[in-house]
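Okay, input_33.txt now, which holds compact mmCIF, C-alpha atoms:
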# COMPACT_ATOMS: atom_id res chain seq x y z
CA MET H 73 116.36 -119.30 -35.51
CA MET H 74 113.30 -121.22 -36.64
CA VAL H 75 115.35 -123.89 -38.43
CA PRO H 76 117.55 -124.82 -35.42
CA ALA H 77 114.46 -125.00 -33.22
CA ALA H 78 112.66 -127.12 -35.82
CA LEU H 79 115.63 -129.48 -35.96
CA LEU H 80 115.64 -129.85 -32.18
CA LEU H 81 111.92 -130.61 -32.21
CA LEU H 82 112.38 -133.08 -35.07
CA GLY H 83 115.18 -134.83 -33.18
CA ALA H 84 113.03 -135.12 -30.08
CA LEU H 85 110.09 -136.52 -32.04
CA THR H 86 112.32 -139.02 -33.82
CA ALA H 87 113.86 -140.15 -30.54
CA VAL H 88 110.42 -140.63 -28.93
CA LEU H 89 108.22 -141.95 -31.74
CA ALA H 90 110.52 -144.12 -33.86
CA PRO H 91 111.56 -146.55 -31.07
CA ARG H 92 107.91 -146.98 -30.11
CA LEU H 93 106.95 -147.78 -33.69
CA LEU H 94 109.78 -150.30 -33.99
CA ALA H 95 108.85 -151.89 -30.66
CA ARG H 96 105.24 -152.38 -31.76
CA ALA H 97 106.15 -153.76 -35.18
CA GLN H 98 106.12 -157.53 -35.72
CA TRP H 99 108.65 -157.70 -38.54
CA PRO H 100 111.98 -156.98 -36.70
CA ASP H 101 112.18 -160.55 -35.36
CA ARG H 102 111.54 -161.87 -38.86
CA GLU H 103 114.10 -159.56 -40.50
CA PRO H 104 116.74 -158.68 -37.90
CA VAL H 105 119.18 -157.33 -40.49
CA VAL H 106 116.62 -154.81 -41.75
CA ALA H 107 115.75 -153.94 -38.14
CA LEU H 108 119.42 -153.32 -37.36
CA TRP H 109 119.59 -150.89 -40.27
CA ALA H 110 116.36 -149.18 -39.19
CA TRP H 111 117.69 -148.62 -35.67
CA GLN H 112 120.94 -147.22 -37.01
CA CYS H 113 119.00 -144.81 -39.23
CA VAL H 114 116.81 -143.67 -36.33
CA VAL H 115 119.74 -142.98 -34.02
CA GLY H 116 121.71 -141.43 -36.88
CA ALA H 117 118.81 -139.13 -37.70
CA THR H 118 118.52 -138.07 -34.05
CA LEU H 119 122.23 -137.25 -33.86
CA LEU H 120 122.10 -135.51 -37.23
CA CYS H 121 119.26 -133.25 -36.01
CA LEU H 122 121.34 -132.23 -33.02
CA ALA H 123 124.49 -131.66 -35.10
CA LEU H 124 122.71 -129.50 -37.68
CA SER H 125 120.94 -127.53 -34.97
CA MET H 126 124.30 -126.92 -33.30
CA LEU H 127 125.84 -125.62 -36.53
CA LEU H 128 122.98 -123.26 -37.33
CA SER H 129 122.73 -122.07 -33.72
CA ALA H 130 126.46 -121.31 -33.73
CA ALA H 131 126.03 -119.47 -37.02
CA ALA H 132 123.27 -117.38 -35.48
CA ALA H 133 125.34 -116.59 -32.40
CA TRP H 134 128.73 -115.79 -33.91
CA GLN H 135 129.55 -113.96 -37.11
CA ALA H 136 132.80 -115.90 -37.59
CA VAL H 137 130.94 -119.22 -37.70
CA ARG H 138 128.31 -117.77 -39.99
CA GLY H 139 130.94 -116.50 -42.38
CA GLY H 140 132.68 -119.85 -42.55
CA LEU H 141 129.47 -121.86 -42.90
CA PHE H 142 127.97 -119.69 -45.63
CA ALA H 143 131.22 -118.51 -47.26
CA ALA H 144 130.28 -119.77 -50.72
CA ALA H 145 126.56 -119.05 -50.48
CA PRO H 146 124.83 -116.02 -52.03
CA HIS H 147 123.66 -113.30 -49.65
CA GLY H 148 120.03 -114.28 -50.13
CA VAL H 149 120.69 -117.74 -48.73
CA VAL H 150 121.98 -116.29 -45.46
CA ASP H 151 118.96 -114.02 -45.22
CA ALA H 152 116.63 -116.98 -45.78
CA TYR H 153 117.77 -118.54 -42.49
CA ALA H 154 117.17 -115.25 -40.58
CA LEU H 155 120.23 -115.90 -38.45
CA GLY H 156 121.32 -112.32 -37.84
CA ALA H 157 118.10 -111.16 -36.24
CA ALA H 158 117.69 -114.17 -33.99
CA GLY H 159 121.11 -114.50 -32.40
CA GLY H 160 121.94 -113.80 -28.82
CA PRO H 161 122.25 -115.81 -25.61
CA TRP H 162 119.68 -118.44 -26.61
CA ALA H 163 121.55 -119.36 -29.80
CA ALA H 164 124.95 -119.31 -28.08
CA GLY H 165 123.70 -121.41 -25.17
CA THR H 166 122.10 -123.96 -27.50
CA ALA H 167 125.25 -124.22 -29.62
CA LEU H 168 127.51 -124.63 -26.59
CA ALA H 169 125.24 -127.24 -24.97
CA LEU H 170 125.04 -129.29 -28.16
CA ALA H 171 128.79 -128.96 -28.73
CA CYS H 172 129.45 -130.26 -25.22
CA GLY H 173 127.11 -133.16 -25.94
CA GLY H 174 129.03 -133.94 -29.13
CA LEU H 175 132.38 -133.85 -27.34
CA TRP H 176 130.99 -136.09 -24.58
CA THR H 177 129.73 -138.56 -27.20
CA GLY H 178 133.16 -138.69 -28.80
CA ALA H 179 134.78 -139.19 -25.41
CA MET H 180 132.41 -142.03 -24.51
CA LEU H 181 133.01 -143.76 -27.86
CA THR H 182 136.78 -143.41 -27.44
CA ARG H 183 136.58 -144.82 -23.92
CA GLU H 184 134.49 -147.76 -25.12
CA VAL H 185 136.93 -148.59 -27.92
CA LEU H 186 139.92 -148.37 -25.56
CA ARG H 187 138.18 -150.57 -23.00
CA ALA H 188 137.30 -153.12 -25.70
CA ARG H 189 140.93 -153.25 -26.85
CA ALA H 190 142.10 -153.67 -23.25
CA ARG H 191 139.61 -156.52 -22.71
CA ARG H 192 140.76 -158.13 -25.94
CA ARG H 193 144.42 -157.97 -24.92
CA THR H 194 143.65 -159.35 -21.46
CA SER H 195 141.52 -162.21 -22.76
CA GLY H 196 144.11 -162.98 -25.45
CA ALA H 197 146.89 -163.17 -22.87
CA GLU H 198 144.72 -165.36 -20.62
CA LEU H 199 143.89 -167.64 -23.53
CA LEU H 200 147.57 -167.98 -24.44
CA LEU H 201 148.35 -168.83 -20.81
CA ARG H 202 145.63 -171.49 -20.58
CA ALA H 203 146.23 -172.93 -24.06
CA PRO H 204 149.84 -172.25 -25.06
CA LEU H 205 151.00 -173.01 -28.56
CA LEU H 206 152.89 -176.26 -29.02
CA PRO H 207 156.42 -176.19 -30.46
CA GLY H 208 156.20 -175.72 -34.19
CA GLU H 209 152.46 -174.96 -34.11
CA ASP H 210 151.34 -172.24 -36.52
CA PRO H 211 149.17 -169.70 -34.64
CA ALA H 212 147.39 -168.75 -37.87
CA ALA H 213 146.17 -172.32 -38.31
CA ALA H 214 144.59 -172.60 -34.85
CA LYS H 215 141.03 -171.58 -35.68
CA LEU H 216 139.58 -173.68 -32.85
CA VAL H 217 140.88 -173.74 -29.27
CA VAL H 218 139.63 -176.20 -26.67
CA LEU H 219 139.94 -175.26 -22.99
CA GLU H 220 139.43 -177.49 -19.99
CA GLY H 221 136.33 -176.20 -18.21
CA PRO H 222 133.32 -177.51 -16.26
CA ARG H 223 130.84 -175.07 -17.85
CA PRO H 224 129.68 -175.41 -21.45
CA GLU H 225 130.89 -172.19 -23.07
CA ALA H 226 131.81 -171.08 -26.55
CA TRP H 227 132.92 -167.65 -27.69
CA TRP H 228 134.75 -165.92 -30.49
CA GLN H 229 138.17 -164.58 -29.54
CA PRO H 230 138.96 -161.56 -31.76
CA GLY H 231 142.46 -160.47 -32.62
CA ALA H 232 145.05 -160.76 -35.35
CA VAL H 233 144.08 -164.44 -35.66
CA PRO H 234 140.38 -164.77 -34.66
CA ARG H 235 139.56 -168.12 -33.08
CA LEU H 236 136.58 -169.97 -31.70
CA VAL H 237 137.13 -171.00 -28.09
CA VAL H 238 135.11 -173.86 -26.62
CA THR H 239 135.35 -175.67 -23.33
CA THR H 240 135.53 -179.43 -22.91
CA ALA H 241 132.09 -179.30 -21.29
CA ALA H 242 130.72 -177.66 -24.44
CA LEU H 243 132.25 -180.37 -26.61
CA GLY H 244 130.42 -182.91 -24.50
CA ARG H 245 127.12 -181.12 -25.09
CA LEU H 246 127.43 -180.23 -28.78
CA LYS H 247 126.60 -183.18 -31.01
CA GLY H 248 127.11 -183.67 -34.71
CA SER H 249 127.15 -180.41 -36.65
CA GLN H 250 126.15 -178.29 -33.64
CA LEU H 251 129.75 -177.17 -33.12
CA ASP H 252 129.93 -176.13 -36.77
CA ALA H 253 126.69 -174.20 -36.30
CA VAL H 254 128.14 -172.36 -33.29
CA LEU H 255 131.22 -171.53 -35.36
CA ALA H 256 129.00 -170.21 -38.19
CA HIS H 257 127.05 -168.13 -35.66
CA GLU H 258 130.21 -166.49 -34.34
CA GLN H 259 131.57 -165.96 -37.84
CA GLY H 260 128.32 -164.20 -38.68
CA HIS H 261 129.05 -161.69 -35.93
CA VAL H 262 132.55 -161.09 -37.28
CA ALA H 263 131.51 -160.76 -40.93
CA ALA H 264 128.82 -158.17 -40.11
CA ARG H 265 131.09 -156.24 -37.68
CA HIS H 266 128.51 -156.50 -34.95
CA ASP H 267 131.15 -155.53 -32.39
CA TRP H 268 131.16 -151.96 -33.70
CA LEU H 269 127.39 -151.72 -33.38
CA LEU H 270 127.64 -152.90 -29.78
CA HIS H 271 130.46 -150.46 -29.02
CA CYS H 272 128.54 -147.49 -30.42
CA SER H 273 125.27 -148.39 -28.71
CA ARG H 274 127.01 -148.97 -25.38
CA ALA H 275 128.89 -145.67 -25.62
CA LEU H 276 125.67 -143.74 -26.25
CA SER H 277 123.69 -145.47 -23.51
CA GLN H 278 126.44 -145.03 -20.93
CA GLY H 279 127.18 -141.46 -21.98
CA PHE H 280 123.50 -140.45 -21.85
CA PRO H 281 121.80 -142.88 -19.45
CA GLN H 282 118.75 -140.63 -19.08
CA VAL H 283 117.94 -140.69 -22.82
CA PRO H 284 115.52 -143.60 -23.47
CA VAL H 285 116.26 -143.91 -27.18
CA PHE H 286 119.92 -144.73 -26.51
CA ALA H 287 119.06 -147.31 -23.85
CA ALA H 288 116.59 -148.94 -26.25
CA PHE H 289 119.20 -148.80 -29.01
CA GLU H 290 121.70 -150.74 -26.90
CA ALA H 291 119.14 -153.35 -25.81
CA GLU H 292 117.92 -153.91 -29.35
CA MET H 293 121.45 -154.13 -30.76
CA HIS H 294 122.31 -156.91 -28.32
CA ARG H 295 119.12 -158.78 -29.22
CA LEU H 296 119.09 -158.25 -32.98
CA VAL H 297 122.73 -159.11 -33.62
CA GLU H 298 122.12 -162.49 -32.00
CA LEU H 299 119.05 -163.08 -34.15
CA ALA H 300 120.96 -162.10 -37.27
CA ALA H 301 123.83 -164.46 -36.40
CA ASP H 302 121.32 -167.25 -35.66
CA ASP H 303 119.92 -166.79 -39.16
CA VAL H 304 123.40 -167.01 -40.68
CA ALA H 305 124.04 -170.32 -38.92
CA SER H 306 120.57 -171.72 -39.59
CA ARG H 307 120.90 -171.15 -43.35
CA ARG H 308 123.91 -173.48 -43.39
CA TYR H 309 123.04 -176.05 -40.74
CA GLY H 310 119.31 -175.73 -40.12
CA ARG H 311 117.28 -174.08 -37.39
CA LEU H 312 116.98 -177.22 -35.28
CA THR H 313 120.76 -177.63 -35.12
CA ILE H 314 121.46 -174.13 -33.85
CA ALA H 315 118.47 -174.33 -31.45
CA LEU H 316 119.82 -177.56 -29.91
CA ALA H 317 123.26 -175.95 -29.65
CA LEU H 318 121.77 -172.99 -27.79
CA VAL H 319 119.97 -175.31 -25.39
CA GLY H 320 123.11 -177.36 -24.81
CA LEU H 321 125.22 -174.31 -24.02
CA ASN H 322 122.66 -172.61 -21.76
CA GLU H 323 120.52 -175.23 -20.02
CA ASP H 324 122.63 -175.14 -16.83
CA ARG H 325 122.46 -171.34 -16.50
CA GLY H 326 118.85 -171.05 -15.41
CA VAL H 327 117.74 -169.33 -18.60
CA PHE H 328 114.87 -171.73 -19.27
CA GLY H 329 113.25 -171.54 -15.84
CA PRO H 330 110.24 -169.48 -14.70
CA CYS H 331 112.55 -166.51 -13.90
CA PRO H 332 115.22 -166.66 -16.64
CA THR H 333 118.44 -164.77 -16.11
CA GLU H 334 118.74 -164.10 -19.85
CA ALA H 335 115.28 -163.81 -21.38
CA HIS H 336 116.54 -163.49 -24.93
CA VAL H 337 117.91 -167.06 -25.05
CA PRO H 338 114.50 -168.80 -24.70
CA GLN H 339 113.08 -166.32 -27.20
CA ARG H 340 115.82 -167.20 -29.67
CA VAL H 341 115.13 -170.92 -29.24
CA ARG H 342 111.38 -170.45 -29.74
CA ARG H 343 112.04 -168.32 -32.82
CA LEU H 344 114.26 -171.03 -34.32
CA LEU H 345 111.84 -173.86 -33.58
CA SER H 346 108.70 -171.99 -34.69
CA PRO H 347 109.95 -169.64 -37.39
CA ALA H 348 107.68 -167.04 -38.91
CA PRO H 349 107.92 -166.70 -42.69
CA ARG H 350 110.33 -164.10 -43.97
CA LEU H 351 109.04 -160.92 -45.54
CA SER H 352 108.94 -160.75 -49.29
CA ALA H 353 111.93 -159.23 -51.06
CA GLY H 354 109.81 -156.28 -52.14
CA ARG H 355 108.71 -155.50 -48.60
CA ARG H 356 112.26 -155.83 -47.27
CA LEU H 357 113.38 -153.37 -49.94
CA ARG H 358 110.60 -150.92 -49.05
CA LEU H 359 111.42 -151.07 -45.33
CA THR H 360 115.11 -150.54 -46.04
CA ALA H 361 114.36 -147.58 -48.29
CA LEU H 362 111.98 -146.09 -45.72
CA ALA H 363 114.60 -146.40 -42.98
CA THR H 364 117.21 -144.80 -45.22
CA LEU H 365 114.93 -141.82 -45.75
CA VAL H 366 114.73 -141.08 -42.01
CA PRO H 367 118.17 -139.37 -41.83
CA ALA H 368 117.30 -137.50 -45.02
CA VAL H 369 114.47 -135.62 -43.26
CA PRO H 370 116.72 -133.42 -41.05
CA LEU H 371 118.91 -132.72 -44.07
CA ALA H 372 115.85 -131.57 -45.99
CA VAL H 373 114.71 -129.37 -43.10
CA ALA H 374 118.15 -127.77 -42.91
CA LEU H 375 118.48 -127.22 -46.66
CA VAL H 376 114.95 -126.12 -47.60
CA PRO H 377 115.38 -122.39 -46.71
CA GLY H 378 118.61 -122.15 -48.72
CA LEU H 379 117.23 -124.03 -51.71
CA SER H 380 114.07 -121.94 -51.64
CA ALA H 381 116.17 -118.77 -51.71
CA LEU H 382 118.17 -120.04 -54.68
CA ALA H 383 114.96 -120.93 -56.53
Is it possible to give me this structure as structure tokens?
Amino acid sequence: MMVPAALLLLGALTAVLAPRLLARAQWPDREPVVALWAWQCVVGATLLCLALSMLLSAAAAWQAVRGGLFAAAPHGVVDAYALGAAGGPWAAGTALALACGGLWTGAMLTREVLRARARRRTSGAELLLRAPLLPGEDPAAAKLVVLEGPRPEAWWQPGAVPRLVVTTAALGRLKGSQLDAVLAHEQGHVAARHDWLLHCSRALSQGFPQVPVFAAFEAEMHRLVELAADDVASRRYGRLTIALALVGLNEDRGVFGPCPTEAHVPQRVRRLLSPAPRLSAGRRLRLTALATLVPAVPLAVALVPGLSALA
């Protein structure tokens, strides 16, 4: 039972230390795409530690699970994990607790996806009611929808035919290529499938509200996906254009005052107007490779006893 316990300890250390290291680092704001990948690897490694510990704990507790898990392995591999001598209530309790956590995670993710689909259907029906198609109008050609509204707003409406929705107040604020920059920003979200990252992070944080790593994961996903989409738009239309568009859409919402309601908007504007240089390609590659190795550590811990026995 040393390996399941080691995996639990490794998962706890990863969940505690990795978010702190990422929070102290200066490069995530400069490379939000790499930071998104790093966060996914950290959370994936944490979940992988728990899943592997559950499997090995179940194998230690129940002979049927052990037989199925090690069916093709030589007898020496099973002995290397010392599962038979360390079974009992502790192993069964650990396996059941982790299995319940896995089922709860799946339930929260399913609930989040169903809620997102319901919101999408509701907003789509509301949009069709407020901006009905004209006779003979092709719905596939309507990539931009303008709604009458006093507040400057712009959002991407997903669905079978994704469309950018802007209000008349937003059209009055967005000058020149700023509307095109907003469209490029929203298309950046769609191309990178940022909605799935937000769904997964929200499901984990709501399913386990007492686990700090999941709360930090959700907060950073919301922040980093916006930075990544800002970069997509700024490469095509310039940082000043997207910064002015952000100011135009948000200046009436109190986000630039002494007590901003959305602190990330002023930070995004400052980042666009005073950009830090990007990391070199070599350093980006090293950070990506290092993040990719994080989920490999629990796999190595789980496989080392078996590989050592085979050697």
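In this comparison, which uses all atoms listed in the file, the residue of H:Leu316, H:Leu299, H:Ala90, H:Leu127 approaching H:Arg340 most closely is H:Leu299.
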Margin query: Please return as a ChimeraX atom specification every residue within 12 Å of (137.7, -161.7, -22.7), taking into account all atoms listed in the file and the file's own coordinates.
Written below: /H:187-200,226-231,237
Export C-alpha atoms of the chosen residues as an mmCIF file, keeping the file's coordinate frame?
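Okay, again-v2.cif is ready:
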data_model
loop_
_atom_site.group_PDB
_atom_site.id
_atom_site.type_symbol
_atom_site.label_atom_id
_atom_site.label_comp_id
_atom_site.auth_asym_id
_atom_site.auth_seq_id
_atom_site.Cartn_x
_atom_site.Cartn_y
_atom_site.Cartn_z
ATOM 1 C CA ARG H 187 138.180 -150.570 -23.000
ATOM 2 C CA ALA H 188 137.300 -153.120 -25.700
ATOM 3 C CA ARG H 189 140.930 -153.250 -26.850
ATOM 4 C CA ALA H 190 142.100 -153.670 -23.250
ATOM 5 C CA ARG H 191 139.610 -156.520 -22.710
ATOM 6 C CA ARG H 192 140.760 -158.130 -25.940
ATOM 7 C CA ARG H 193 144.420 -157.970 -24.920
ATOM 8 C CA THR H 194 143.650 -159.350 -21.460
ATOM 9 C CA SER H 195 141.520 -162.210 -22.760
ATOM 10 C CA GLY H 196 144.110 -162.980 -25.450
ATOM 11 C CA ALA H 197 146.890 -163.170 -22.870
ATOM 12 C CA GLU H 198 144.720 -165.360 -20.620
ATOM 13 C CA LEU H 199 143.890 -167.640 -23.530
ATOM 14 C CA LEU H 200 147.570 -167.980 -24.440
ATOM 15 C CA ALA H 226 131.810 -171.080 -26.550
ATOM 16 C CA TRP H 227 132.920 -167.650 -27.690
ATOM 17 C CA TRP H 228 134.750 -165.920 -30.490
ATOM 18 C CA GLN H 229 138.170 -164.580 -29.540
ATOM 19 C CA PRO H 230 138.960 -161.560 -31.760
ATOM 20 C CA GLY H 231 142.460 -160.470 -32.620
ATOM 21 C CA VAL H 237 137.130 -171.000 -28.090
#
Could I get the residues of stretch 108-141 of chain H with an atom no further than 12 Å from an atom of stretch 160-184 of chain H, each paired with its nearest atom pair and that distance in Å to one decimal, using only C-alpha atoms, sorted by chain and residue number, as JSON lines?
{"residue": "H:Leu119", "atom": "CA", "partner": "H:Gly174", "partner_atom": "CA", "distance": 8.9}
{"residue": "H:Leu120", "atom": "CA", "partner": "H:Gly174", "partner_atom": "CA", "distance": 10.8}
{"residue": "H:Cys121", "atom": "CA", "partner": "H:Leu170", "partner_atom": "CA", "distance": 10.5}
{"residue": "H:Leu122", "atom": "CA", "partner": "H:Leu170", "partner_atom": "CA", "distance": 6.8}
{"residue": "H:Ala123", "atom": "CA", "partner": "H:Leu170", "partner_atom": "CA", "distance": 7.4}
{"residue": "H:Leu124", "atom": "CA", "partner": "H:Leu170", "partner_atom": "CA", "distance": 9.8}
{"residue": "H:Ser125", "atom": "CA", "partner": "H:Ala167", "partner_atom": "CA", "distance": 7.6}
{"residue": "H:Met126", "atom": "CA", "partner": "H:Ala167", "partner_atom": "CA", "distance": 4.7}
{"residue": "H:Leu127", "atom": "CA", "partner": "H:Ala167", "partner_atom": "CA", "distance": 7.1}
{"residue": "H:Leu128", "atom": "CA", "partner": "H:Ala167", "partner_atom": "CA", "distance": 8.1}
{"residue": "H:Ser129", "atom": "CA", "partner": "H:Ala163", "partner_atom": "CA", "distance": 4.9}
{"residue": "H:Ala130", "atom": "CA", "partner": "H:Ala167", "partner_atom": "CA", "distance": 5.2}
{"residue": "H:Ala131", "atom": "CA", "partner": "H:Ala163", "partner_atom": "CA", "distance": 8.5}
{"residue": "H:Ala132", "atom": "CA", "partner": "H:Ala163", "partner_atom": "CA", "distance": 6.3}
{"residue": "H:Ala133", "atom": "CA", "partner": "H:Ala164", "partner_atom": "CA", "distance": 5.1}
{"residue": "H:Trp134", "atom": "CA", "partner": "H:Ala164", "partner_atom": "CA", "distance": 7.8}
{"residue": "H:Gln135", "atom": "CA", "partner": "H:Gly160", "partner_atom": "CA", "distance": 11.3}
{"residue": "H:Val137", "atom": "CA", "partner": "H:Ala167", "partner_atom": "CA", "distance": 11.1}
Check: Using all atoms listed in the file, which of the listed residues (H:Leu243, H:Val337, H:Leu362, H:Met74) sits closest to H:Glu220?
Finding: H:Leu243
Check: To one decimal place, how far is atom CA of H:Ala152 from atom CA of H:Cys113 in Å?
Finding: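 Computing the Euclidean distance for atom CA of H:Ala152 and atom CA of H:Cys113 yields 28.7 Å.
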Residues within 9 Å of (132.2, -171.1, -27.6), file coords, all atoms listed in the file, listed as an mmCIF file with C-alpha atoms, in the frame of the given file:
data_model
loop_
_atom_site.group_PDB
_atom_site.id
_atom_site.type_symbol
_atom_site.label_atom_id
_atom_site.label_comp_id
_atom_site.auth_asym_id
_atom_site.auth_seq_id
_atom_site.Cartn_x
_atom_site.Cartn_y
_atom_site.Cartn_z
ATOM 1 C CA PRO H 224 129.680 -175.410 -21.450
ATOM 2 C CA GLU H 225 130.890 -172.190 -23.070
ATOM 3 C CA ALA H 226 131.810 -171.080 -26.550
ATOM 4 C CA TRP H 227 132.920 -167.650 -27.690
ATOM 5 C CA TRP H 228 134.750 -165.920 -30.490
ATOM 6 C CA LEU H 236 136.580 -169.970 -31.700
ATOM 7 C CA VAL H 237 137.130 -171.000 -28.090
ATOM 8 C CA VAL H 238 135.110 -173.860 -26.620
ATOM 9 C CA THR H 239 135.350 -175.670 -23.330
ATOM 10 C CA ALA H 242 130.720 -177.660 -24.440
ATOM 11 C CA LEU H 251 129.750 -177.170 -33.120
ATOM 12 C CA VAL H 254 128.140 -172.360 -33.290
ATOM 13 C CA LEU H 255 131.220 -171.530 -35.360
ATOM 14 C CA GLU H 258 130.210 -166.490 -34.340
ATOM 15 C CA LEU H 321 125.220 -174.310 -24.020
#
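A straight line drawn from atom CA of H:Arg202 to atom CA of H:Asp252 is 23.0 Å long.
The space between atom CA of H:Val88 and atom CA of H:Ala300 spans 25.3 Å.
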Notebook entry, point to check: So which one's closest to H:Ala253, H:Arg102, H:Arg96, H:Arg311, H:Arg138? Using all atoms listed in the file, please.
Noted result: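 That would be H:Arg311, the residue with the smallest distance to H:Ala253.
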Near H:Asp151, counting only C-alpha atoms, which residues have an atom at most 9 Å away, once you skip same-chain residues fewer than 4 positions from it, shown as a PDB file with C-alpha atoms, in the frame of the given file?
ATOM      1  CA  HIS H 147     123.660-113.300 -49.650  1.00  0.00           C
ATOM      2  CA  LEU H 155     120.230-115.900 -38.450  1.00  0.00           C
ATOM      3  CA  GLY H 156     121.320-112.320 -37.840  1.00  0.00           C
ATOM      4  CA  GLY H 378     118.610-122.150 -48.720  1.00  0.00           C
ATOM      5  CA  ALA H 381     116.170-118.770 -51.710  1.00  0.00           C
TER       6      ALA H 381
END
Check: With only C-alpha atoms as the basis for distance, which of H:Gly83, H:Pro281, H:Pro234, H:Gly148 is at the shortest distance from H:Thr118?
Finding: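 Closest to H:Thr118, using only C-alpha atoms: H:Gly83.
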Report the closest atom pair, with its distance in Å rounded to one decimal, for each residue of stretch 97-170 of chain H that has an atom no farther than 9 Å from stretch 353-359 of chain H; count all atoms listed in the file, sort by chain and then rising residue number, and write it as a tab-separated table.
residue	atom	partner	partner_atom	distance
H:Glu103	CA	H:Arg356	CA	7.9
H:Val106	CA	H:Arg356	CA	7.1
H:Ala107	CA	H:Leu359	CA	8.9
H:Ala110	CA	H:Leu359	CA	8.1
Item checked: Of the listed residues H:Ser306, H:Leu312, H:Asp101, H:Leu382, that which approaches H:His336 most closely, counting only C-alpha atoms -> H:Asp101
Next item on the list: Choose the residue, out of H:Pro377, H:Pro91, H:Pro347, H:Gly140, that has the smallest atom-to-atom separation from H:Asp302; count all atoms listed in the file.
Entry: H:Pro347
